[in-house]
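Okay, final_9.csv is below, CSV, C-alpha atoms:
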chain,number,residue,atom,x,y,z
A,1148,MET,CA,-130.9,75.8,-218.8
A,1149,ALA,CA,-132.0,74.1,-222.0
A,1150,LEU,CA,-128.4,73.7,-223.1
A,1151,ILE,CA,-127.4,72.1,-219.9
A,1152,ALA,CA,-130.3,69.6,-220.3
A,1153,VAL,CA,-129.2,68.8,-223.8
A,1154,LEU,CA,-125.6,68.4,-222.7
A,1155,ALA,CA,-126.7,66.2,-219.9
A,1156,ALA,CA,-128.8,64.1,-222.3
A,1157,LEU,CA,-125.8,63.8,-224.6
A,1158,GLY,CA,-123.7,62.8,-221.7
A,1159,VAL,CA,-126.1,60.1,-220.7
A,1160,GLN,CA,-126.2,59.0,-224.3
A,1161,GLY,CA,-122.4,58.7,-224.2
A,1162,CYS,CA,-122.4,56.6,-221.1
A,1163,ALA,CA,-125.2,54.5,-222.6
A,1164,SER,CA,-123.3,53.7,-225.7
A,1165,GLN,CA,-120.3,52.8,-223.7
A,1166,ARG,CA,-122.4,50.4,-221.7
A,1167,SER,CA,-123.9,49.1,-225.0
A,1168,GLU,CA,-120.4,48.6,-226.4
A,1169,SER,CA,-119.3,46.5,-223.5
A,1170,ALA,CA,-122.6,44.5,-223.5
A,1171,LEU,CA,-122.0,43.9,-227.1
A,1172,GLU,CA,-118.4,42.8,-226.6
A,1173,ASP,CA,-119.5,40.4,-223.8
A,1174,ALA,CA,-122.2,38.9,-225.9
A,1175,ALA,CA,-119.8,38.5,-228.8
A,1176,ALA,CA,-117.2,36.8,-226.7
A,1177,ALA,CA,-119.8,34.4,-225.2
A,1178,PHE,CA,-121.2,33.6,-228.7
A,1179,GLN,CA,-117.7,33.0,-230.0
A,1180,ALA,CA,-117.0,30.6,-227.2
A,1181,VAL,CA,-120.1,28.5,-227.7
A,1182,LYS,CA,-119.8,28.6,-231.5
A,1183,ASP,CA,-116.3,27.2,-231.3
A,1184,ASP,CA,-117.3,24.4,-228.9
A,1185,ALA,CA,-118.2,21.3,-230.7
A,1186,ASP,CA,-120.0,19.8,-227.7
A,1187,VAL,CA,-122.2,22.8,-227.2
A,1188,LEU,CA,-123.0,23.0,-230.9
A,1189,ARG,CA,-123.9,19.3,-230.9
A,1190,SER,CA,-126.2,19.4,-227.8
A,1191,ALA,CA,-127.9,22.9,-228.3
A,1192,PRO,CA,-127.6,24.0,-231.9
A,1193,ARG,CA,-130.8,26.0,-231.9
A,1194,ASP,CA,-129.7,28.1,-228.9
A,1195,VAL,CA,-126.3,28.8,-230.5
A,1196,ILE,CA,-128.0,29.9,-233.7
A,1197,ARG,CA,-130.3,32.2,-231.7
A,1198,ALA,CA,-127.4,33.6,-229.8
A,1199,GLY,CA,-125.9,34.5,-233.2
A,1200,GLU,CA,-129.1,36.1,-234.5
A,1201,SER,CA,-129.6,38.2,-231.5
A,1202,LEU,CA,-126.0,39.3,-231.5
A,1203,GLY,CA,-126.3,40.2,-235.2
A,1204,ARG,CA,-129.4,42.3,-234.4
A,1205,ALA,CA,-127.6,44.1,-231.6
A,1206,GLU,CA,-124.7,44.8,-233.8
A,1207,ARG,CA,-126.8,46.2,-236.6
A,1208,LEU,CA,-128.8,48.4,-234.1
A,1209,SER,CA,-125.6,49.8,-232.6
A,1210,GLY,CA,-125.1,51.7,-235.9
A,1211,TYR,CA,-128.1,53.8,-235.1
A,1212,PHE,CA,-128.1,56.9,-232.8
A,1213,GLY,CA,-130.2,56.5,-229.7
A,1214,SER,CA,-130.5,52.7,-229.9
A,1215,GLY,CA,-128.6,52.0,-226.7
A,1216,ALA,CA,-131.5,50.2,-224.9
A,1217,ASP,CA,-132.2,48.0,-227.9
A,1218,VAL,CA,-128.5,47.1,-228.4
A,1219,ARG,CA,-128.2,46.2,-224.7
A,1220,HIS,CA,-131.5,44.2,-224.9
A,1221,TYR,CA,-130.4,42.1,-227.8
A,1222,ALA,CA,-126.9,41.7,-226.4
A,1223,TYR,CA,-128.5,40.5,-223.2
A,1224,LEU,CA,-130.7,38.0,-225.1
A,1225,SER,CA,-127.7,36.8,-227.1
A,1226,GLN,CA,-125.7,36.3,-224.0
A,1227,ARG,CA,-128.5,34.4,-222.4
A,1228,TYR,CA,-128.8,32.1,-225.4
A,1229,SER,CA,-125.1,31.4,-225.2
A,1230,GLU,CA,-125.4,30.6,-221.5
A,1231,ILE,CA,-128.4,28.4,-222.1
A,1232,ALA,CA,-126.6,26.5,-224.8
A,1233,ARG,CA,-123.6,26.0,-222.6
A,1234,GLU,CA,-125.8,24.8,-219.8
A,1235,HIS,CA,-127.5,22.3,-222.1
A,1236,SER,CA,-124.2,20.9,-223.2
A,1237,ARG,CA,-123.1,20.5,-219.5
A,1238,LEU,CA,-126.4,18.6,-218.9
A,1239,ALA,CA,-125.8,16.4,-221.9
A,1240,ALA,CA,-122.3,15.6,-220.8
A,1241,ASN,CA,-123.5,14.8,-217.3
A,1242,GLN,CA,-126.2,12.5,-218.7
A,1243,GLU,CA,-123.6,10.7,-220.8
A,1244,ARG,CA,-121.4,10.2,-217.7
A,1245,LEU,CA,-124.5,9.1,-215.7
A,1246,ALA,CA,-125.3,6.4,-218.3
A,1247,LYS,CA,-121.7,5.2,-218.3
A,1248,LEU,CA,-121.4,5.2,-214.6
A,1249,ASP,CA,-124.7,3.3,-214.2
A,1250,LEU,CA,-123.4,0.6,-216.6
A,1251,GLU,CA,-120.3,0.4,-214.5
A,1252,ARG,CA,-122.4,0.2,-211.3
A,1253,GLN,CA,-124.4,-2.7,-212.8
A,1254,ARG,CA,-121.2,-4.5,-213.8
A,1255,LEU,CA,-119.6,-4.1,-210.4
A,1256,GLN,CA,-122.7,-5.2,-208.6
A,1257,LEU,CA,-122.9,-8.3,-210.7
A,1258,ALA,CA,-119.2,-9.0,-210.1
A,1259,LEU,CA,-119.6,-8.5,-206.4
A,1260,ARG,CA,-122.6,-10.7,-206.2
A,1261,GLU,CA,-120.7,-13.4,-208.0
A,1262,ALA,CA,-117.7,-13.0,-205.8
A,1263,LYS,CA,-119.8,-13.2,-202.7
A,1264,LEU,CA,-121.7,-16.2,-203.9
A,1265,ASP,CA,-118.4,-17.9,-204.7
A,1266,SER,CA,-117.0,-17.3,-201.3
A,1267,VAL,CA,-120.2,-18.3,-199.5
A,1268,GLN,CA,-120.2,-21.5,-201.5
A,1269,GLN,CA,-116.5,-22.2,-200.9
A,1270,GLN,CA,-116.9,-21.4,-197.2
A,1271,GLY,CA,-120.0,-23.5,-197.1
A,1272,LYS,CA,-118.3,-26.5,-198.7
A,1273,TRP,CA,-115.2,-26.1,-196.5
A,1274,LEU,CA,-117.4,-26.0,-193.4
A,1275,GLU,CA,-119.5,-28.9,-194.5
A,1276,THR,CA,-116.4,-31.0,-194.7
A,1277,GLN,CA,-115.1,-29.7,-191.4
A,1278,ILE,CA,-118.4,-30.4,-189.7
A,1279,ALA,CA,-118.7,-33.7,-191.4
A,1280,ALA,CA,-115.3,-34.7,-190.0
A,1281,LEU,CA,-116.4,-33.7,-186.5
A,1282,ALA,CA,-119.8,-35.2,-186.8
A,1283,SER,CA,-121.3,-38.5,-187.7
A,1284,GLU,CA,-124.6,-39.8,-189.0
A,1285,GLN,CA,-126.4,-41.6,-186.2
A,1286,GLY,CA,-129.4,-43.2,-187.7
A,1287,GLU,CA,-132.7,-41.6,-186.7
A,1288,ARG,CA,-131.0,-39.0,-184.6
A,1289,GLY,CA,-129.5,-37.5,-187.7
A,1290,LEU,CA,-126.2,-35.7,-187.8
A,1291,VAL,CA,-124.5,-35.7,-184.4
A,1292,MET,CA,-121.3,-33.9,-183.5
A,1293,THR,CA,-119.5,-34.9,-180.3
A,1294,LEU,CA,-117.5,-32.5,-178.2
A,1295,SER,CA,-115.2,-34.6,-176.0
A,1296,ASP,CA,-114.4,-34.0,-172.4
A,1297,VAL,CA,-111.1,-32.4,-173.3
A,1298,LEU,CA,-113.1,-29.3,-173.8
A,1299,PHE,CA,-114.1,-29.2,-170.1
A,1300,ASP,CA,-112.0,-29.6,-167.0
A,1301,THR,CA,-113.1,-32.5,-164.7
A,1302,GLY,CA,-116.2,-31.5,-162.7
A,1303,ARG,CA,-116.4,-28.0,-164.3
A,1304,ALA,CA,-119.0,-26.7,-166.7
A,1305,GLU,CA,-116.9,-23.9,-168.3
A,1306,LEU,CA,-115.7,-24.4,-171.8
A,1307,LYS,CA,-111.9,-24.4,-172.1
A,1308,ASN,CA,-110.3,-22.1,-174.7
A,1309,SER,CA,-109.4,-25.0,-176.9
A,1310,ALA,CA,-113.1,-25.4,-177.4
A,1311,SER,CA,-113.4,-22.1,-179.1
A,1312,ARG,CA,-112.2,-23.2,-182.5
A,1313,THR,CA,-114.7,-26.0,-182.7
A,1314,VAL,CA,-117.5,-23.9,-181.5
A,1315,LEU,CA,-116.6,-21.2,-183.9
A,1316,LYS,CA,-116.9,-23.6,-186.8
A,1317,LEU,CA,-120.3,-24.6,-185.4
A,1318,VAL,CA,-121.4,-21.0,-185.4
A,1319,GLN,CA,-120.3,-20.4,-189.0
A,1320,PHE,CA,-122.0,-23.6,-190.0
A,1321,LEU,CA,-125.2,-22.4,-188.4
A,1322,GLN,CA,-124.9,-19.0,-190.0
A,1323,LEU,CA,-124.5,-20.5,-193.4
A,1324,ASN,CA,-127.4,-22.8,-192.8
A,1325,PRO,CA,-130.0,-20.5,-191.3
A,1326,ALA,CA,-132.8,-23.1,-191.3
A,1327,ARG,CA,-130.9,-25.7,-189.3
A,1328,VAL,CA,-131.5,-25.9,-185.5
A,1329,VAL,CA,-129.6,-27.8,-182.9
A,1330,ARG,CA,-130.1,-29.7,-179.7
A,1331,ILE,CA,-127.2,-29.6,-177.3
A,1332,GLU,CA,-127.0,-32.7,-175.1
A,1333,GLY,CA,-124.8,-33.0,-172.1
A,1334,TYR,CA,-123.5,-36.4,-170.7
A,1335,THR,CA,-121.3,-37.5,-167.9
A,1336,ASP,CA,-119.6,-40.8,-166.8
A,1337,SER,CA,-121.0,-42.7,-163.9
A,1338,THR,CA,-118.7,-41.2,-161.2
A,1339,GLY,CA,-120.7,-39.3,-158.6
A,1340,THR,CA,-124.4,-39.2,-157.8
A,1341,PRO,CA,-126.9,-39.3,-160.6
A,1342,GLU,CA,-128.3,-35.9,-159.4
A,1343,ASP,CA,-124.9,-34.2,-159.6
A,1344,ASN,CA,-124.3,-35.8,-162.9
A,1345,LEU,CA,-127.6,-34.6,-164.3
A,1346,THR,CA,-126.9,-31.1,-163.1
A,1347,LEU,CA,-123.3,-31.1,-164.5
A,1348,SER,CA,-124.4,-32.5,-167.8
A,1349,ARG,CA,-127.0,-29.9,-168.2
A,1350,GLU,CA,-124.6,-27.1,-167.2
A,1351,ARG,CA,-122.1,-28.3,-169.8
A,1352,ALA,CA,-124.6,-28.3,-172.5
A,1353,GLN,CA,-125.8,-24.9,-171.4
A,1354,ALA,CA,-122.3,-23.6,-171.5
A,1355,VAL,CA,-122.0,-24.6,-175.2
A,1356,GLY,CA,-125.4,-23.2,-175.9
A,1357,ASP,CA,-124.5,-19.9,-174.2
A,1358,MET,CA,-121.4,-19.6,-176.3
A,1359,LEU,CA,-123.3,-20.1,-179.5
A,1360,VAL,CA,-125.7,-17.4,-178.5
A,1361,ASP,CA,-122.8,-15.1,-177.6
A,1362,LEU,CA,-121.4,-15.6,-181.0
A,1363,GLY,CA,-124.7,-14.6,-182.7
A,1364,VAL,CA,-126.8,-17.7,-183.1
A,1365,ASP,CA,-130.4,-17.1,-182.3
A,1366,GLU,CA,-131.5,-18.6,-179.0
A,1367,LYS,CA,-134.6,-20.0,-180.6
A,1368,ARG,CA,-132.5,-22.3,-182.7
A,1369,ILE,CA,-130.9,-24.0,-179.7
A,1370,GLU,CA,-132.4,-26.6,-177.4
A,1371,VAL,CA,-130.4,-27.7,-174.3
A,1372,GLU,CA,-130.8,-31.1,-172.6
A,1373,GLY,CA,-128.9,-32.8,-169.8
A,1374,TYR,CA,-128.9,-36.6,-169.6
A,1375,GLY,CA,-126.4,-37.2,-166.7
A,1376,ASP,CA,-124.8,-40.6,-166.9
A,1377,GLN,CA,-127.5,-42.2,-169.1
A,1378,TYR,CA,-126.7,-43.4,-172.6
A,1379,PRO,CA,-123.0,-44.1,-172.2
A,1380,VAL,CA,-121.1,-44.7,-175.4
A,1381,GLU,CA,-118.6,-46.9,-173.7
A,1382,ALA,CA,-118.5,-49.0,-170.6
A,1383,ASN,CA,-117.7,-46.9,-167.5
A,1384,ALA,CA,-115.3,-49.6,-166.3
A,1385,SER,CA,-112.1,-48.1,-167.8
A,1386,GLU,CA,-110.8,-44.6,-167.6
A,1387,ARG,CA,-110.8,-44.5,-171.4
A,1388,GLY,CA,-114.4,-45.5,-171.5
A,1389,ARG,CA,-115.4,-42.9,-168.8
A,1390,ALA,CA,-113.5,-40.2,-170.8
A,1391,GLN,CA,-115.6,-41.0,-173.8
A,1392,ASN,CA,-118.8,-40.9,-171.9
A,1393,ARG,CA,-118.0,-37.4,-170.6
A,1394,ARG,CA,-119.2,-35.4,-173.6
A,1395,VAL,CA,-121.5,-32.9,-175.2
A,1396,GLU,CA,-123.3,-33.9,-178.3
A,1397,ILE,CA,-124.7,-31.5,-180.8
A,1398,VAL,CA,-127.7,-33.0,-182.7
A,1399,PHE,CA,-128.3,-31.1,-186.0
A,1400,SER,CA,-131.7,-30.8,-187.6
A,1401,ASP,CA,-132.0,-31.5,-191.3
A,1402,ALA,CA,-131.7,-28.6,-193.7
A,1403,LYS,CA,-135.4,-27.7,-193.2
A,1404,GLY,CA,-135.1,-27.4,-189.5
A,1405,ARG,CA,-136.6,-30.8,-188.5
A,1406,LEU,CA,-134.9,-32.0,-185.4
A,1407,ALA,CA,-135.0,-35.7,-184.3
A,1408,PRO,CA,-137.0,-35.9,-181.1
A,1409,ALA,CA,-135.2,-35.8,-177.7
A,1410,ARG,CA,-134.3,-39.1,-176.0
B,899,MET,CA,-138.6,74.9,-217.2
B,900,LYS,CA,-136.9,71.7,-216.6
B,901,ILE,CA,-140.0,69.7,-215.7
B,902,PRO,CA,-142.0,70.5,-218.9
B,903,THR,CA,-138.9,69.5,-221.0
B,904,LEU,CA,-138.7,66.2,-219.2
B,905,THR,CA,-142.5,65.6,-219.6
B,906,LEU,CA,-142.3,66.4,-223.2
B,907,ALA,CA,-139.4,64.0,-223.7
B,908,LEU,CA,-141.3,61.3,-222.0
B,909,ALA,CA,-144.4,62.0,-223.9
B,910,VAL,CA,-142.5,61.7,-227.2
B,911,LEU,CA,-140.8,58.5,-226.1
B,912,GLY,CA,-144.2,57.2,-224.9
B,913,LEU,CA,-145.8,58.0,-228.2
B,914,ALA,CA,-142.9,56.4,-230.1
B,915,GLY,CA,-143.4,53.3,-228.0
B,916,CYS,CA,-147.1,53.1,-228.8
B,917,ALA,CA,-146.6,53.7,-232.4
B,918,ASN,CA,-144.0,50.9,-232.9
B,919,ASP,CA,-145.1,48.2,-230.6
B,920,PRO,CA,-148.3,46.2,-230.4
B,921,ALA,CA,-149.3,44.7,-227.1
B,922,PRO,CA,-146.9,41.8,-226.5
B,923,THR,CA,-149.5,39.4,-225.1
B,924,GLU,CA,-148.1,36.4,-226.9
B,925,GLN,CA,-144.6,37.0,-225.6
B,926,LEU,CA,-146.0,37.3,-222.1
B,927,ARG,CA,-147.7,34.0,-222.5
B,928,VAL,CA,-144.5,32.4,-223.7
B,929,SER,CA,-142.6,33.9,-220.8
B,930,GLU,CA,-145.1,32.7,-218.3
B,931,GLN,CA,-144.8,29.3,-219.7
B,932,ALA,CA,-141.0,29.4,-219.4
B,933,LEU,CA,-141.3,30.3,-215.8
B,934,GLU,CA,-143.8,27.6,-215.1
B,935,GLN,CA,-141.5,25.1,-216.7
B,936,ALA,CA,-138.6,26.2,-214.7
B,937,LYS,CA,-140.7,26.0,-211.5
B,938,ALA,CA,-141.8,22.5,-212.5
B,939,VAL,CA,-138.2,21.2,-212.5
B,940,GLY,CA,-137.6,22.7,-209.1
B,941,ALA,CA,-136.4,26.3,-209.7
B,942,THR,CA,-137.0,28.6,-206.7
B,943,ASP,CA,-136.0,32.1,-205.8
B,944,GLN,CA,-132.7,30.6,-204.6
B,945,VAL,CA,-131.8,30.4,-208.3
B,946,GLY,CA,-130.6,33.9,-209.2
B,947,GLU,CA,-131.9,33.7,-212.8
B,948,PHE,CA,-135.3,32.5,-211.7
B,949,LYS,CA,-135.7,35.5,-209.3
B,950,LEU,CA,-134.7,37.8,-212.2
B,951,ALA,CA,-137.3,36.2,-214.4
B,952,GLU,CA,-140.0,36.6,-211.8
B,953,ASP,CA,-139.2,40.2,-211.3
B,954,LYS,CA,-139.0,41.0,-215.0
B,955,LEU,CA,-142.2,39.3,-215.7
B,956,GLU,CA,-143.9,41.2,-212.9
B,957,ARG,CA,-142.6,44.5,-214.4
B,958,ALA,CA,-143.6,43.4,-217.9
B,959,ARG,CA,-147.1,42.9,-216.7
B,960,SER,CA,-147.3,46.3,-215.1
B,961,ASN,CA,-145.8,47.8,-218.3
B,962,LEU,CA,-148.5,46.1,-220.2
B,963,LEU,CA,-151.2,47.7,-218.0
B,964,THR,CA,-149.7,51.2,-218.5
B,965,GLN,CA,-149.4,50.5,-222.2
B,966,GLN,CA,-145.6,50.7,-222.3
B,967,PHE,CA,-145.6,47.9,-224.8
B,968,ARG,CA,-142.0,48.2,-225.8
B,969,ASP,CA,-140.8,47.9,-222.2
B,970,ALA,CA,-143.3,45.1,-221.6
B,971,ARG,CA,-142.0,43.1,-224.6
B,972,MET,CA,-138.3,43.5,-223.8
B,973,ARG,CA,-138.8,42.6,-220.2
B,974,ALA,CA,-140.9,39.6,-221.1
B,975,GLU,CA,-138.3,38.5,-223.6
B,976,GLN,CA,-135.6,38.7,-221.0
B,977,ALA,CA,-137.7,37.0,-218.4
B,978,GLU,CA,-138.3,34.1,-220.8
B,979,LEU,CA,-134.6,33.5,-221.3
B,980,ASP,CA,-133.8,34.1,-217.7
B,981,ALA,CA,-136.3,31.4,-216.8
B,982,ARG,CA,-135.0,29.0,-219.5
B,983,LEU,CA,-131.5,29.5,-218.1
B,984,ALA,CA,-132.8,28.9,-214.6
B,985,GLU,CA,-134.4,25.7,-215.7
B,986,ALA,CA,-131.2,24.5,-217.4
B,987,ARG,CA,-129.1,25.3,-214.4
B,988,VAL,CA,-131.4,23.4,-212.1
B,989,LEU,CA,-131.3,20.4,-214.4
B,990,THR,CA,-127.6,20.5,-214.5
B,991,LEU,CA,-127.3,20.8,-210.8
B,992,LYS,CA,-129.6,17.8,-210.3
B,993,SER,CA,-127.6,15.8,-212.7
B,994,GLU,CA,-124.5,16.7,-210.8
B,995,GLU,CA,-126.1,15.5,-207.6
B,996,GLN,CA,-127.0,12.2,-209.3
B,997,LEU,CA,-123.5,11.9,-210.5
B,998,ASN,CA,-122.1,12.3,-207.0
B,999,VAL,CA,-124.5,9.7,-205.6
B,1000,LEU,CA,-123.7,7.2,-208.3
B,1001,GLN,CA,-120.0,7.9,-208.1
B,1002,THR,CA,-120.1,7.2,-204.3
B,1003,ARG,CA,-122.0,3.9,-204.9
B,1004,VAL,CA,-119.5,2.8,-207.6
B,1005,ASN,CA,-116.6,3.7,-205.3
B,1006,ARG,CA,-118.2,1.7,-202.5
B,1007,LEU,CA,-118.7,-1.3,-204.8
B,1008,ARG,CA,-115.1,-1.1,-206.0
B,1009,LYS,CA,-113.9,-1.1,-202.4
B,1010,GLN,CA,-116.0,-4.1,-201.5
B,1011,LEU,CA,-114.8,-6.0,-204.6
B,1012,ALA,CA,-111.2,-5.2,-203.7
B,1013,VAL,CA,-111.5,-6.9,-200.3
B,1014,GLN,CA,-113.2,-10.0,-201.8
B,1015,PRO,CA,-110.9,-13.1,-201.6
The structure given in the file should be rewritten as structure tokens.
Amino acid sequence: MALIAVLAALGVQGCASQRSESALEDAAAAFQAVKDDADVLRSAPRDVIRAGESLGRAERLSGYFGSGADVRHYAYLSQRYSEIAREHSRLAANQERLAKLDLERQRLQLALREAKLDSVQQQGKWLETQIAALASEQGERGLVMTLSDVLFDTGRAELKNSASRTVLKLVQFLQLNPARVVRIEGYTDSTGTPEDNLTLSRERAQAVGDMLVDLGVDEKRIEVEGYGDQYPVEANASERGRAQNRRVEIVFSDAKGRLAPAR
Amino acid sequence: MKIPTLTLALAVLGLAGCANDPAPTEQLRVSEQALEQAKAVGATDQVGEFKLAEDKLERARSNLLTQQFRDARMRAEQAELDARLAEARVLTLKSEEQLNVLQTRVNRLRKQLAVQP
């Protein structure tokens, strides 16, 4: 019975030293790997040194009988130090990349901001000239843009498709000048009754206003007025004169949103 | 017959333990600190090494109570390094997440710049 126990104990010991052997080998391999890695050495020198010390201790102990548990313990510690060292070097590498990437982000952000600014300024300038070509300064009424009757069919209030491009420019202009507001004024010639003309002029102005709203201009920035056949720009005697009187005028406020009073 | 042998063997081992090892209170303190630090950076039981560290520290404490100082010291030492590894892994993981976020932002900026006139 005692013999069996001793044999069993020896057997356990044999297994144990085999386990210790492989733990030792693993730890040695891990240490070799971090020791030969310049990045790891640079970012976690102390942990590498400790991995080496623990490994040395494990190796020395492995020469003694019955030291299996200690060998495995120090092999374990050595392995852990190696892993910690490697993890630290990963972290350091990531932090380096983070710093570089953040610099790049800042650079790109600046470039983008400049590009956007450029394009807004260019667009703004282009539109200013476009609007200026379509509009004229009218004394105390300020900047006024006239949409002629070719944008409407006779007697109809719906905007024709050919009006879209002009209105689109108007929308872009208003989007680039968010403080500006407009008053849309409708006018007719003197054909027909004054009541019908007043209604038609108002509907035409409203049609332009609705289109602006549909295209994203805030309703609050738009006033709509109908003046019927009042304020003709030409005598209604000729067809040419009447055509010029059938119109929608867009009165712009100044850059601060101050609009000339309605007529 | 068998049981007395085993008891004797344990007694001898126990004695040997007592003779060689003082109570590892300082090591336990250091290990506790390492665990605290790992927890402070966000390590949880989800991190394998942290769970290991917690378990080993727990066992080290009970070893200390039963005066198994050698076991207590070894477990506490392992717990310390387990915790330190857990801490390092959590930090690396976090930095990887940050890298991903930043990389996405940089990619987005590049794309936006590419479509600029």
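For the pair CA of Arg1254 in chain A and CA of Gly1271 in chain A, the interatomic distance is 25.3 Å.
Near (-131.4, 27.2, -222.3), the residues that fall inside 7 Å on the basis of all atoms listed in the file are Asp1194, Tyr1228, Glu1230, Ile1231, Ala1232, Glu1234 and His1235 of chain A; Arg982, Leu983 and Ala986 of chain B.
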Contacts between chain A and chain B, please, where a residue of chain B counts if it comes within 12 Å (with all atoms listed in the file); show its shortest atom pair and distance in Å to one decimal, rows by chain and ascending number, as JSON lines.
{"residue": "B:Met899", "atom": "CA", "partner": "A:Met1148", "partner_atom": "CA", "distance": 7.9}
{"residue": "B:Lys900", "atom": "CA", "partner": "A:Met1148", "partner_atom": "CA", "distance": 7.6}
{"residue": "B:Ile901", "atom": "CA", "partner": "A:Ala1152", "partner_atom": "CA", "distance": 10.7}
{"residue": "B:Pro902", "atom": "CA", "partner": "A:Ala1149", "partner_atom": "CA", "distance": 11.1}
{"residue": "B:Thr903", "atom": "CA", "partner": "A:Ala1149", "partner_atom": "CA", "distance": 8.4}
{"residue": "B:Leu904", "atom": "CA", "partner": "A:Ala1152", "partner_atom": "CA", "distance": 9.1}
{"residue": "B:Ala907", "atom": "CA", "partner": "A:Ala1156", "partner_atom": "CA", "distance": 10.7}
{"residue": "B:Leu911", "atom": "CA", "partner": "A:Gly1213", "partner_atom": "CA", "distance": 11.4}
{"residue": "B:Glu947", "atom": "CA", "partner": "A:Arg1227", "partner_atom": "CA", "distance": 10.2}
{"residue": "B:Arg968", "atom": "CA", "partner": "A:Asp1217", "partner_atom": "CA", "distance": 10.0}
{"residue": "B:Asp969", "atom": "CA", "partner": "A:Ala1216", "partner_atom": "CA", "distance": 10.0}
{"residue": "B:Arg971", "atom": "CA", "partner": "A:His1220", "partner_atom": "CA", "distance": 10.6}
{"residue": "B:Met972", "atom": "CA", "partner": "A:His1220", "partner_atom": "CA", "distance": 6.9}
{"residue": "B:Arg973", "atom": "CA", "partner": "A:His1220", "partner_atom": "CA", "distance": 8.8}
{"residue": "B:Ala974", "atom": "CA", "partner": "A:Leu1224", "partner_atom": "CA", "distance": 11.1}
{"residue": "B:Glu975", "atom": "CA", "partner": "A:Leu1224", "partner_atom": "CA", "distance": 7.8}
{"residue": "B:Gln976", "atom": "CA", "partner": "A:Leu1224", "partner_atom": "CA", "distance": 6.4}
{"residue": "B:Ala977", "atom": "CA", "partner": "A:Leu1224", "partner_atom": "CA", "distance": 9.7}
{"residue": "B:Glu978", "atom": "CA", "partner": "A:Leu1224", "partner_atom": "CA", "distance": 9.6}
{"residue": "B:Leu979", "atom": "CA", "partner": "A:Arg1227", "partner_atom": "CA", "distance": 6.3}
{"residue": "B:Asp980", "atom": "CA", "partner": "A:Arg1227", "partner_atom": "CA", "distance": 7.1}
{"residue": "B:Ala981", "atom": "CA", "partner": "A:Ile1231", "partner_atom": "CA", "distance": 10.0}
{"residue": "B:Arg982", "atom": "CA", "partner": "A:Ile1231", "partner_atom": "CA", "distance": 7.1}
{"residue": "B:Leu983", "atom": "CA", "partner": "A:Ile1231", "partner_atom": "CA", "distance": 5.2}
{"residue": "B:Ala984", "atom": "CA", "partner": "A:Ile1231", "partner_atom": "CA", "distance": 8.7}
{"residue": "B:Glu985", "atom": "CA", "partner": "A:Ile1231", "partner_atom": "CA", "distance": 9.2}
{"residue": "B:Ala986", "atom": "CA", "partner": "A:Glu1234", "partner_atom": "CA", "distance": 5.9}
{"residue": "B:Arg987", "atom": "CA", "partner": "A:Glu1234", "partner_atom": "CA", "distance": 6.3}
{"residue": "B:Val988", "atom": "CA", "partner": "A:Glu1234", "partner_atom": "CA", "distance": 9.6}
{"residue": "B:Leu989", "atom": "CA", "partner": "A:Leu1238", "partner_atom": "CA", "distance": 6.9}
{"residue": "B:Thr990", "atom": "CA", "partner": "A:Leu1238", "partner_atom": "CA", "distance": 4.9}
{"residue": "B:Leu991", "atom": "CA", "partner": "A:Leu1238", "partner_atom": "CA", "distance": 8.4}
{"residue": "B:Lys992", "atom": "CA", "partner": "A:Leu1238", "partner_atom": "CA", "distance": 9.2}
{"residue": "B:Ser993", "atom": "CA", "partner": "A:Asn1241", "partner_atom": "CA", "distance": 6.2}
{"residue": "B:Glu994", "atom": "CA", "partner": "A:Asn1241", "partner_atom": "CA", "distance": 6.8}
{"residue": "B:Glu995", "atom": "CA", "partner": "A:Asn1241", "partner_atom": "CA", "distance": 10.1}
{"residue": "B:Gln996", "atom": "CA", "partner": "A:Leu1245", "partner_atom": "CA", "distance": 7.5}
{"residue": "B:Leu997", "atom": "CA", "partner": "A:Leu1245", "partner_atom": "CA", "distance": 6.0}
{"residue": "B:Asn998", "atom": "CA", "partner": "A:Leu1245", "partner_atom": "CA", "distance": 9.6}
{"residue": "B:Val999", "atom": "CA", "partner": "A:Leu1245", "partner_atom": "CA", "distance": 10.1}
{"residue": "B:Leu1000", "atom": "CA", "partner": "A:Leu1248", "partner_atom": "CA", "distance": 7.0}
{"residue": "B:Gln1001", "atom": "CA", "partner": "A:Leu1248", "partner_atom": "CA", "distance": 7.2}
{"residue": "B:Thr1002", "atom": "CA", "partner": "A:Arg1252", "partner_atom": "CA", "distance": 10.2}
{"residue": "B:Arg1003", "atom": "CA", "partner": "A:Arg1252", "partner_atom": "CA", "distance": 7.4}
{"residue": "B:Val1004", "atom": "CA", "partner": "A:Arg1252", "partner_atom": "CA", "distance": 5.4}
{"residue": "B:Asn1005", "atom": "CA", "partner": "A:Arg1252", "partner_atom": "CA", "distance": 9.0}
{"residue": "B:Arg1006", "atom": "CA", "partner": "A:Arg1252", "partner_atom": "CA", "distance": 9.9}
{"residue": "B:Leu1007", "atom": "CA", "partner": "A:Leu1255", "partner_atom": "CA", "distance": 6.3}
{"residue": "B:Arg1008", "atom": "CA", "partner": "A:Leu1255", "partner_atom": "CA", "distance": 7.0}
{"residue": "B:Lys1009", "atom": "CA", "partner": "A:Leu1259", "partner_atom": "CA", "distance": 10.2}
{"residue": "B:Gln1010", "atom": "CA", "partner": "A:Leu1259", "partner_atom": "CA", "distance": 7.5}
{"residue": "B:Leu1011", "atom": "CA", "partner": "A:Leu1259", "partner_atom": "CA", "distance": 5.7}
{"residue": "B:Ala1012", "atom": "CA", "partner": "A:Leu1259", "partner_atom": "CA", "distance": 9.4}
{"residue": "B:Val1013", "atom": "CA", "partner": "A:Leu1259", "partner_atom": "CA", "distance": 10.3}
{"residue": "B:Gln1014", "atom": "CA", "partner": "A:Ala1262", "partner_atom": "CA", "distance": 6.7}
{"residue": "B:Pro1015", "atom": "CA", "partner": "A:Ser1266", "partner_atom": "CA", "distance": 7.4}
